[in-house]
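**Q** Sending over target.txt (compact mmCIF, C-alpha atoms and all ligand atoms).
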```txt
# COMPACT_ATOMS: atom_id res chain seq x y z
CA MET A 1 -68.75 23.74 44.53
CA LYS A 2 -70.43 21.37 46.97
CA THR A 3 -67.86 18.76 48.00
CA LEU A 4 -68.13 15.44 49.79
CA ILE A 5 -65.08 13.56 51.06
CA ILE A 6 -65.53 9.83 51.61
CA TYR A 7 -62.66 8.25 53.50
CA VAL A 8 -61.44 5.29 55.56
CA SER A 9 -58.62 5.62 58.08
CA MET A 10 -58.27 2.41 60.09
CA HIS A 11 -54.56 2.11 60.98
CA HIS A 12 -53.39 5.26 62.79
CA GLY A 13 -55.84 7.95 61.65
CA ASN A 14 -53.25 9.20 59.13
CA THR A 15 -55.69 9.60 56.25
CA GLU A 16 -58.24 11.26 58.50
CA LYS A 17 -55.73 14.12 59.10
CA ILE A 18 -55.43 14.57 55.32
CA ALA A 19 -59.21 14.30 54.80
CA ARG A 20 -59.78 17.03 57.39
CA ALA A 21 -57.09 19.32 55.92
CA ILE A 22 -58.53 19.03 52.39
CA GLY A 23 -62.04 19.28 53.81
CA GLU A 24 -61.30 22.57 55.59
CA VAL A 25 -60.06 24.23 52.40
CA LEU A 26 -62.94 22.95 50.28
CA ARG A 27 -65.53 23.38 53.07
CA ALA A 28 -66.45 19.78 52.38
CA ASP A 29 -68.68 17.37 54.20
CA LEU A 30 -66.88 14.24 55.43
CA ALA A 31 -68.36 10.74 55.52
CA LYS A 32 -67.47 7.07 55.71
CA PRO A 33 -68.34 4.77 52.75
CA THR A 34 -71.09 3.07 54.77
CA GLU A 35 -72.78 6.43 55.46
CA VAL A 36 -73.41 7.38 51.82
CA ASP A 37 -75.33 6.09 48.82
CA ALA A 38 -76.18 7.19 45.28
CA GLU A 39 -78.77 9.69 46.48
CA VAL A 40 -76.31 11.43 48.83
CA ILE A 41 -73.61 11.52 46.15
CA SER A 42 -76.02 13.06 43.62
CA LYS A 43 -76.28 16.16 45.86
CA TYR A 44 -72.57 17.04 45.47
CA ASP A 45 -70.51 18.50 42.59
CA LEU A 46 -67.17 17.03 43.61
CA ILE A 47 -66.44 13.78 45.48
CA GLY A 48 -63.13 12.91 47.19
CA PHE A 49 -62.27 9.26 47.79
CA GLY A 50 -59.42 8.45 50.18
CA SER A 51 -57.94 5.89 52.54
CA GLY A 52 -54.71 4.36 53.70
CA ILE A 53 -53.15 1.90 51.28
CA TYR A 54 -53.72 -1.65 52.45
CA PHE A 55 -52.05 -4.45 50.48
CA GLY A 56 -51.40 -2.27 47.45
CA LYS A 57 -54.71 -0.45 47.15
CA HIS A 58 -57.37 1.69 48.81
CA HIS A 59 -59.74 0.20 51.38
CA SER A 60 -62.19 -2.34 49.93
CA SER A 61 -65.25 -0.47 51.25
CA LEU A 62 -64.55 2.36 48.78
CA PHE A 63 -64.63 -0.14 45.90
CA CYS A 64 -67.87 -1.68 47.27
CA LEU A 65 -69.50 1.76 47.38
CA ILE A 66 -68.42 2.64 43.82
CA ASP A 67 -69.73 -0.71 42.55
CA LYS A 68 -73.18 0.09 43.94
CA LEU A 69 -73.42 3.51 42.23
CA PRO A 70 -75.11 4.14 38.89
CA TYR A 71 -73.07 5.54 35.97
CA GLN A 72 -71.94 9.07 36.93
CA ASN A 73 -71.76 10.88 33.56
CA GLY A 74 -68.59 12.86 34.24
CA LYS A 75 -69.14 13.80 37.89
CA ARG A 76 -65.87 15.18 39.19
CA ALA A 77 -63.83 13.21 41.70
CA PHE A 78 -60.40 13.24 43.34
CA ILE A 79 -58.34 10.55 45.02
CA PHE A 80 -56.10 10.75 48.08
CA SER A 81 -54.16 8.28 50.16
CA THR A 82 -51.51 7.84 52.81
CA SER A 83 -49.09 4.94 52.57
CA GLY A 84 -46.10 3.33 54.21
CA LEU A 85 -44.17 3.33 50.96
CA ARG A 86 -43.62 6.01 48.37
CA LYS A 87 -45.87 6.01 45.32
CA ILE A 88 -43.81 5.27 42.23
CA TRP A 89 -45.47 5.95 38.90
CA LEU A 90 -45.96 2.72 36.88
CA ILE A 91 -44.08 0.55 39.42
CA HIS A 92 -45.99 1.14 42.65
CA ASP A 93 -49.03 3.15 41.55
CA PHE A 94 -51.45 2.15 44.28
CA ASN A 95 -53.99 4.80 43.18
CA LYS A 96 -54.46 2.91 39.92
CA PRO A 97 -57.12 0.36 41.02
CA LEU A 98 -59.33 3.08 42.52
CA ARG A 99 -58.75 5.44 39.59
CA SER A 100 -59.69 2.69 37.09
CA ARG A 101 -62.85 1.82 39.05
CA LEU A 102 -63.92 5.49 39.20
CA LEU A 103 -63.28 6.05 35.49
CA ALA A 104 -65.24 2.89 34.62
CA LYS A 105 -68.13 4.30 36.67
CA GLY A 106 -68.13 7.53 34.67
CA PHE A 107 -66.34 9.82 37.15
CA GLU A 108 -63.84 12.38 35.88
CA VAL A 109 -60.77 12.19 38.14
CA ILE A 110 -59.38 15.73 38.38
CA GLY A 111 -56.59 15.23 40.93
CA GLU A 112 -54.67 12.78 43.09
CA PHE A 113 -52.75 13.26 46.32
CA ASN A 114 -50.55 10.89 48.30
CA CYS A 115 -48.21 11.27 51.23
CA ARG A 116 -46.40 9.00 53.71
CA GLY A 117 -48.23 7.87 56.82
CA TRP A 118 -47.03 6.27 60.05
CA ASP A 119 -46.95 2.52 59.46
CA THR A 120 -46.48 -0.16 62.09
CA TYR A 121 -47.98 -3.03 60.10
CA PRO A 122 -44.83 -4.99 59.09
CA PHE A 123 -43.79 -6.89 62.25
CA TRP A 124 -40.10 -6.13 61.69
CA VAL A 125 -40.62 -2.36 61.91
CA LYS A 126 -42.67 -2.47 65.13
CA PRO A 127 -39.70 -2.68 67.55
CA PHE A 128 -38.37 0.58 66.04
CA GLY A 129 -41.69 2.45 66.35
CA GLY A 130 -42.66 1.78 62.74
CA ILE A 131 -41.82 3.73 59.62
CA ASN A 132 -42.71 7.37 58.85
CA LYS A 133 -43.28 8.08 62.55
CA GLY A 134 -44.88 11.52 62.94
CA LYS A 135 -46.31 11.54 59.41
CA PRO A 136 -48.39 13.09 58.13
CA SER A 137 -46.64 16.02 59.82
CA ILE A 138 -47.34 19.75 59.46
CA ARG A 139 -45.48 19.62 56.15
CA GLU A 140 -47.66 16.90 54.55
CA ILE A 141 -50.79 18.53 55.94
CA GLU A 142 -49.79 21.82 54.28
CA GLU A 143 -49.15 19.91 51.02
CA ALA A 144 -52.67 18.49 51.29
CA ARG A 145 -54.06 22.02 51.78
CA CYS A 146 -52.11 23.13 48.73
CA PHE A 147 -53.62 20.25 46.72
CA ALA A 148 -57.09 21.33 47.86
CA ARG A 149 -56.43 24.93 46.78
CA MET A 150 -55.43 23.60 43.35
CA LEU A 151 -58.73 21.68 43.14
CA LYS A 152 -60.59 24.84 44.11
CA LYS A 153 -58.92 26.76 41.27
CA LEU A 154 -59.75 23.99 38.77
CA GLU A 155 -63.38 24.14 39.79
CA GLY A 156 -63.34 27.94 39.37
C1 LIG B 201 -53.02 -4.14 56.89
C2 LIG B 201 -52.12 -3.07 56.32
C3 LIG B 201 -51.61 -3.20 55.03
C4 LIG B 201 -50.78 -2.18 54.48
N1 LIG B 201 -50.32 -2.32 53.19
C5 LIG B 201 -49.57 -1.33 52.64
C6 LIG B 201 -49.13 -1.42 51.28
O1 LIG B 201 -49.42 -2.37 50.56
N2 LIG B 201 -48.35 -0.41 50.79
C7 LIG B 201 -48.00 0.68 51.55
O2 LIG B 201 -47.31 1.57 51.05
N3 LIG B 201 -48.44 0.80 52.86
C8 LIG B 201 -49.21 -0.17 53.40
N4 LIG B 201 -49.67 -0.04 54.70
C9 LIG B 201 -49.34 1.19 55.47
C10 LIG B 201 -50.53 2.17 55.44
O3 LIG B 201 -50.93 2.45 54.11
C11 LIG B 201 -50.15 3.50 56.11
O4 LIG B 201 -49.75 3.28 57.45
C12 LIG B 201 -51.33 4.48 56.06
O5 LIG B 201 -50.87 5.76 56.41
C13 LIG B 201 -52.46 4.06 57.00
O6 LIG B 201 -53.46 5.03 56.95
P1 LIG B 201 -54.57 5.17 58.09
O7 LIG B 201 -53.88 5.45 59.40
O8 LIG B 201 -55.42 6.28 57.62
O9 LIG B 201 -55.30 3.86 58.10
C14 LIG B 201 -50.45 -1.04 55.28
C15 LIG B 201 -50.97 -0.94 56.59
C16 LIG B 201 -51.80 -1.92 57.11
C17 LIG B 201 -52.35 -1.77 58.50
```
What is this file in structure tokens?

**A**
Amino acid sequence: MKTLIIYVSMHHGNTEKIARAIGEVLRADLAKPTEVDAEVISKYDLIGFGSGIYFGKHHSSLFCLIDKLPYQNGKRAFIFSTSGLRKIWLIHDFNKPLRSRLLAKGFEVIGEFNCRGWDTYPFWVKPFGGINKGKPSIREIEEARCFARMLKKLEG
């Protein structure tokens, strides 16, 4: 299973830690959205898309990349993110915009992972060192590895 992980991690490198943990388990190649195109993507069996959550969704460059791709005919994909706030199904489902865009482009989304990440964006949390300081920690990184092992099993 040849895997490519495309990620953006612009705030504190939180998502990069998760991308690397998943990447190690899946022996994946890692790239930024600006480094890949349709031809590169066509060489892989499974594509991971991840970033921090910025204003309720994944980074805009992931959406730009997906928009440029041709229809994918069921190519397998997974989504991951780190966020300041907890993901709450139906109320605060910040994976939804990316998931919808991938499905519309013909990807099959086989798994999703989210964990807390250190967040110093809101000005009122800065004086206290931000929220989720130290995250993702060893625990979240192990959860990400566990998620990757689950993907590996699904792919057989
Ligand atoms: C500009 C900006 C906007 C953010 N908006 C949200 C948000 O809407 N919801 C949320 O839960 N976290 C939000 N966060 C927190 C980030 O999602 C969190 O810190 C994440 O771990 C950053 O990942 P990174 O270090 O890989 O960039 C925001 C952070 C920044 C810098």

**Q** Taking all atoms of ligand LIG 201 (chain B) that the file lists and extending 5 Å past them on each side, where is the centre of the axis-aligned box and how long are its edges? Answer in Å to one decimal, as lines of an AutoDock Vina configuration file.

**A**
```
center_x = -51.4
center_y = 1.1
center_z = 55.0
size_x = 18.1
size_y = 20.4
size_z = 18.8
```

**Q** Counting only C-alpha atoms, which residue out of A:Thr34, A:Thr3, A:Asn14, A:Ser137 sits closest to Ser83 (chain A)?

**A**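 For Ser83 (chain A), the nearest of the given residues is A:Asn14.
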
**Q** How would you report the residues lying within 10 Å of ligand LIG 201 (chain B), as a PyMOL selection string, if you count only C-alpha atoms and all ligand atoms?

**A** chain A and resi 7-19+50-59+81-87+92-94+114-122+130-133+135-136

**Q** Compare A:Asp29, A:Asp67, A:Glu155, A:Glu112 by their minimum atom-to-atom distance to Ile6 (chain A), counting all atoms listed in the file, and give me the closest one.

**A**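 Of A:Asp29, A:Asp67, A:Glu155, A:Glu112, the one nearest Ile6 (chain A) is A:Asp29, counting all atoms listed in the file.
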
**Q** Considering all atoms listed in the file, return as an MDAnalysis selection string whatever protein or nucleic-acid residues lie within 8 Å of Asp37 (chain A), sequence-local ones (same chain, fewer than 4 positions apart) excluded.

**A** chainID A and resid 41 65 69

**Q** Could you name the residues that touch Ala148 (chain A) at 7 Å or less, counting only C-alpha atoms, but leaving out those on the same chain fewer than 2 positions away, as a VMD selection string?

**A** chain A and resid 22 25 to 26 144 to 146 150 to 152

**Q** Choose the residue, out of A:Tyr44, A:Phe147, A:Phe63, A:Phe78, that has the smallest atom-to-atom separation from Glu24 (chain A); count only C-alpha atoms.

**A**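 For Glu24 (chain A), the nearest of the candidates is A:Phe147.
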
**Q** Take the structure in the block and write a file for region 11-46 of chain A, N, CA and C atoms, as a PDB file, in the first residue's frame.

**A**
```
ATOM      1  N   HIS A  11       0.985  26.562  12.673  1.00  0.00           N
ATOM      2  CA  HIS A  11       0.889  27.283  13.954  1.00  0.00           C
ATOM      3  C   HIS A  11       2.048  26.896  14.883  1.00  0.00           C
ATOM      4  N   HIS A  12       2.056  25.677  15.361  1.00  0.00           N
ATOM      5  CA  HIS A  12       3.131  25.226  16.268  1.00  0.00           C
ATOM      6  C   HIS A  12       3.767  23.900  15.850  1.00  0.00           C
ATOM      7  N   GLY A  13       3.500  23.466  14.612  1.00  0.00           N
ATOM      8  CA  GLY A  13       4.047  22.166  14.185  1.00  0.00           C
ATOM      9  C   GLY A  13       3.325  20.987  14.826  1.00  0.00           C
ATOM     10  N   ASN A  14       2.139  21.224  15.355  1.00  0.00           N
ATOM     11  CA  ASN A  14       1.379  20.146  16.030  1.00  0.00           C
ATOM     12  C   ASN A  14       1.001  19.038  15.050  1.00  0.00           C
ATOM     13  N   THR A  15       0.457  19.448  13.905  1.00  0.00           N
ATOM     14  CA  THR A  15      -0.022  18.458  12.933  1.00  0.00           C
ATOM     15  C   THR A  15       1.148  17.715  12.295  1.00  0.00           C
ATOM     16  N   GLU A  16       2.278  18.389  12.200  1.00  0.00           N
ATOM     17  CA  GLU A  16       3.459  17.714  11.637  1.00  0.00           C
ATOM     18  C   GLU A  16       3.846  16.514  12.509  1.00  0.00           C
ATOM     19  N   LYS A  17       3.731  16.641  13.834  1.00  0.00           N
ATOM     20  CA  LYS A  17       4.057  15.514  14.732  1.00  0.00           C
ATOM     21  C   LYS A  17       3.141  14.330  14.422  1.00  0.00           C
ATOM     22  N   ILE A  18       1.857  14.639  14.187  1.00  0.00           N
ATOM     23  CA  ILE A  18       0.886  13.571  13.896  1.00  0.00           C
ATOM     24  C   ILE A  18       1.167  12.978  12.510  1.00  0.00           C
ATOM     25  N   ALA A  19       1.459  13.855  11.537  1.00  0.00           N
ATOM     26  CA  ALA A  19       1.758  13.375  10.175  1.00  0.00           C
ATOM     27  C   ALA A  19       2.951  12.414  10.207  1.00  0.00           C
ATOM     28  N   ARG A  20       3.972  12.771  10.989  1.00  0.00           N
ATOM     29  CA  ARG A  20       5.176  11.923  11.043  1.00  0.00           C
ATOM     30  C   ARG A  20       4.886  10.586  11.733  1.00  0.00           C
ATOM     31  N   ALA A  21       4.069  10.632  12.792  1.00  0.00           N
ATOM     32  CA  ALA A  21       3.735   9.392  13.522  1.00  0.00           C
ATOM     33  C   ALA A  21       2.953   8.440  12.615  1.00  0.00           C
ATOM     34  N   ILE A  22       1.954   8.962  11.916  1.00  0.00           N
ATOM     35  CA  ILE A  22       1.164   8.122  11.004  1.00  0.00           C
ATOM     36  C   ILE A  22       2.064   7.647   9.859  1.00  0.00           C
ATOM     37  N   GLY A  23       2.888   8.578   9.383  1.00  0.00           N
ATOM     38  CA  GLY A  23       3.784   8.267   8.266  1.00  0.00           C
ATOM     39  C   GLY A  23       4.750   7.138   8.569  1.00  0.00           C
ATOM     40  N   GLU A  24       5.260   7.111   9.810  1.00  0.00           N
ATOM     41  CA  GLU A  24       6.207   6.054  10.195  1.00  0.00           C
ATOM     42  C   GLU A  24       5.556   4.685  10.109  1.00  0.00           C
ATOM     43  N   VAL A  25       4.329   4.599  10.639  1.00  0.00           N
ATOM     44  CA  VAL A  25       3.627   3.301  10.657  1.00  0.00           C
ATOM     45  C   VAL A  25       3.301   2.840   9.238  1.00  0.00           C
ATOM     46  N   LEU A  26       2.862   3.789   8.410  1.00  0.00           N
ATOM     47  CA  LEU A  26       2.436   3.424   7.049  1.00  0.00           C
ATOM     48  C   LEU A  26       3.595   3.466   6.037  1.00  0.00           C
ATOM     49  N   ARG A  27       4.779   3.837   6.527  1.00  0.00           N
ATOM     50  CA  ARG A  27       5.948   4.025   5.638  1.00  0.00           C
ATOM     51  C   ARG A  27       5.581   4.946   4.470  1.00  0.00           C
ATOM     52  N   ALA A  28       4.940   6.051   4.838  1.00  0.00           N
ATOM     53  CA  ALA A  28       4.397   6.968   3.828  1.00  0.00           C
ATOM     54  C   ALA A  28       5.407   8.033   3.432  1.00  0.00           C
ATOM     55  N   ASP A  29       5.217   8.563   2.248  1.00  0.00           N
ATOM     56  CA  ASP A  29       5.928   9.776   1.853  1.00  0.00           C
ATOM     57  C   ASP A  29       5.121  10.964   2.363  1.00  0.00           C
ATOM     58  N   LEU A  30       5.831  12.026   2.752  1.00  0.00           N
ATOM     59  CA  LEU A  30       5.165  13.229   3.276  1.00  0.00           C
ATOM     60  C   LEU A  30       5.402  14.392   2.316  1.00  0.00           C
ATOM     61  N   ALA A  31       4.379  15.216   2.122  1.00  0.00           N
ATOM     62  CA  ALA A  31       4.538  16.363   1.218  1.00  0.00           C
ATOM     63  C   ALA A  31       3.595  17.488   1.629  1.00  0.00           C
ATOM     64  N   LYS A  32       3.912  18.678   1.144  1.00  0.00           N
ATOM     65  CA  LYS A  32       3.034  19.838   1.348  1.00  0.00           C
ATOM     66  C   LYS A  32       2.122  19.951   0.119  1.00  0.00           C
ATOM     67  N   PRO A  33       0.940  20.582   0.260  1.00  0.00           N
ATOM     68  CA  PRO A  33       0.006  20.654  -0.880  1.00  0.00           C
ATOM     69  C   PRO A  33       0.633  21.260  -2.134  1.00  0.00           C
ATOM     70  N   THR A  34       1.540  22.215  -1.954  1.00  0.00           N
ATOM     71  CA  THR A  34       2.146  22.874  -3.123  1.00  0.00           C
ATOM     72  C   THR A  34       3.180  21.978  -3.831  1.00  0.00           C
ATOM     73  N   GLU A  35       3.554  20.877  -3.194  1.00  0.00           N
ATOM     74  CA  GLU A  35       4.587  20.002  -3.780  1.00  0.00           C
ATOM     75  C   GLU A  35       3.995  18.860  -4.616  1.00  0.00           C
ATOM     76  N   VAL A  36       2.662  18.739  -4.612  1.00  0.00           N
ATOM     77  CA  VAL A  36       2.060  17.596  -5.329  1.00  0.00           C
ATOM     78  C   VAL A  36       1.033  18.049  -6.359  1.00  0.00           C
ATOM     79  N   ASP A  37       0.798  17.168  -7.333  1.00  0.00           N
ATOM     80  CA  ASP A  37      -0.240  17.430  -8.335  1.00  0.00           C
ATOM     81  C   ASP A  37      -0.906  16.093  -8.684  1.00  0.00           C
ATOM     82  N   ALA A  38      -1.773  16.124  -9.672  1.00  0.00           N
ATOM     83  CA  ALA A  38      -2.544  14.923 -10.034  1.00  0.00           C
ATOM     84  C   ALA A  38      -1.631  13.751 -10.399  1.00  0.00           C
ATOM     85  N   GLU A  39      -0.542  14.052 -11.083  1.00  0.00           N
ATOM     86  CA  GLU A  39       0.360  12.988 -11.524  1.00  0.00           C
ATOM     87  C   GLU A  39       1.007  12.294 -10.316  1.00  0.00           C
ATOM     88  N   VAL A  40       1.450  13.087  -9.357  1.00  0.00           N
ATOM     89  CA  VAL A  40       2.067  12.516  -8.142  1.00  0.00           C
ATOM     90  C   VAL A  40       1.035  11.657  -7.412  1.00  0.00           C
ATOM     91  N   ILE A  41      -0.153  12.199  -7.235  1.00  0.00           N
ATOM     92  CA  ILE A  41      -1.201  11.496  -6.488  1.00  0.00           C
ATOM     93  C   ILE A  41      -1.562  10.168  -7.161  1.00  0.00           C
ATOM     94  N   SER A  42      -1.518  10.134  -8.483  1.00  0.00           N
ATOM     95  CA  SER A  42      -1.899   8.911  -9.213  1.00  0.00           C
ATOM     96  C   SER A  42      -0.937   7.749  -8.926  1.00  0.00           C
ATOM     97  N   LYS A  43       0.240   8.049  -8.368  1.00  0.00           N
ATOM     98  CA  LYS A  43       1.229   6.994  -8.096  1.00  0.00           C
ATOM     99  C   LYS A  43       1.006   6.308  -6.746  1.00  0.00           C
ATOM    100  N   TYR A  44       0.037   6.795  -5.969  1.00  0.00           N
ATOM    101  CA  TYR A  44      -0.186   6.256  -4.613  1.00  0.00           C
ATOM    102  C   TYR A  44      -1.547   5.571  -4.506  1.00  0.00           C
ATOM    103  N   ASP A  45      -1.626   4.593  -3.559  1.00  0.00           N
ATOM    104  CA  ASP A  45      -2.888   3.862  -3.330  1.00  0.00           C
ATOM    105  C   ASP A  45      -3.737   4.540  -2.272  1.00  0.00           C
ATOM    106  N   LEU A  46      -3.087   5.224  -1.341  1.00  0.00           N
ATOM    107  CA  LEU A  46      -3.804   5.824  -0.210  1.00  0.00           C
ATOM    108  C   LEU A  46      -3.226   7.228   0.043  1.00  0.00           C
TER     109      LEU A  46
END
```
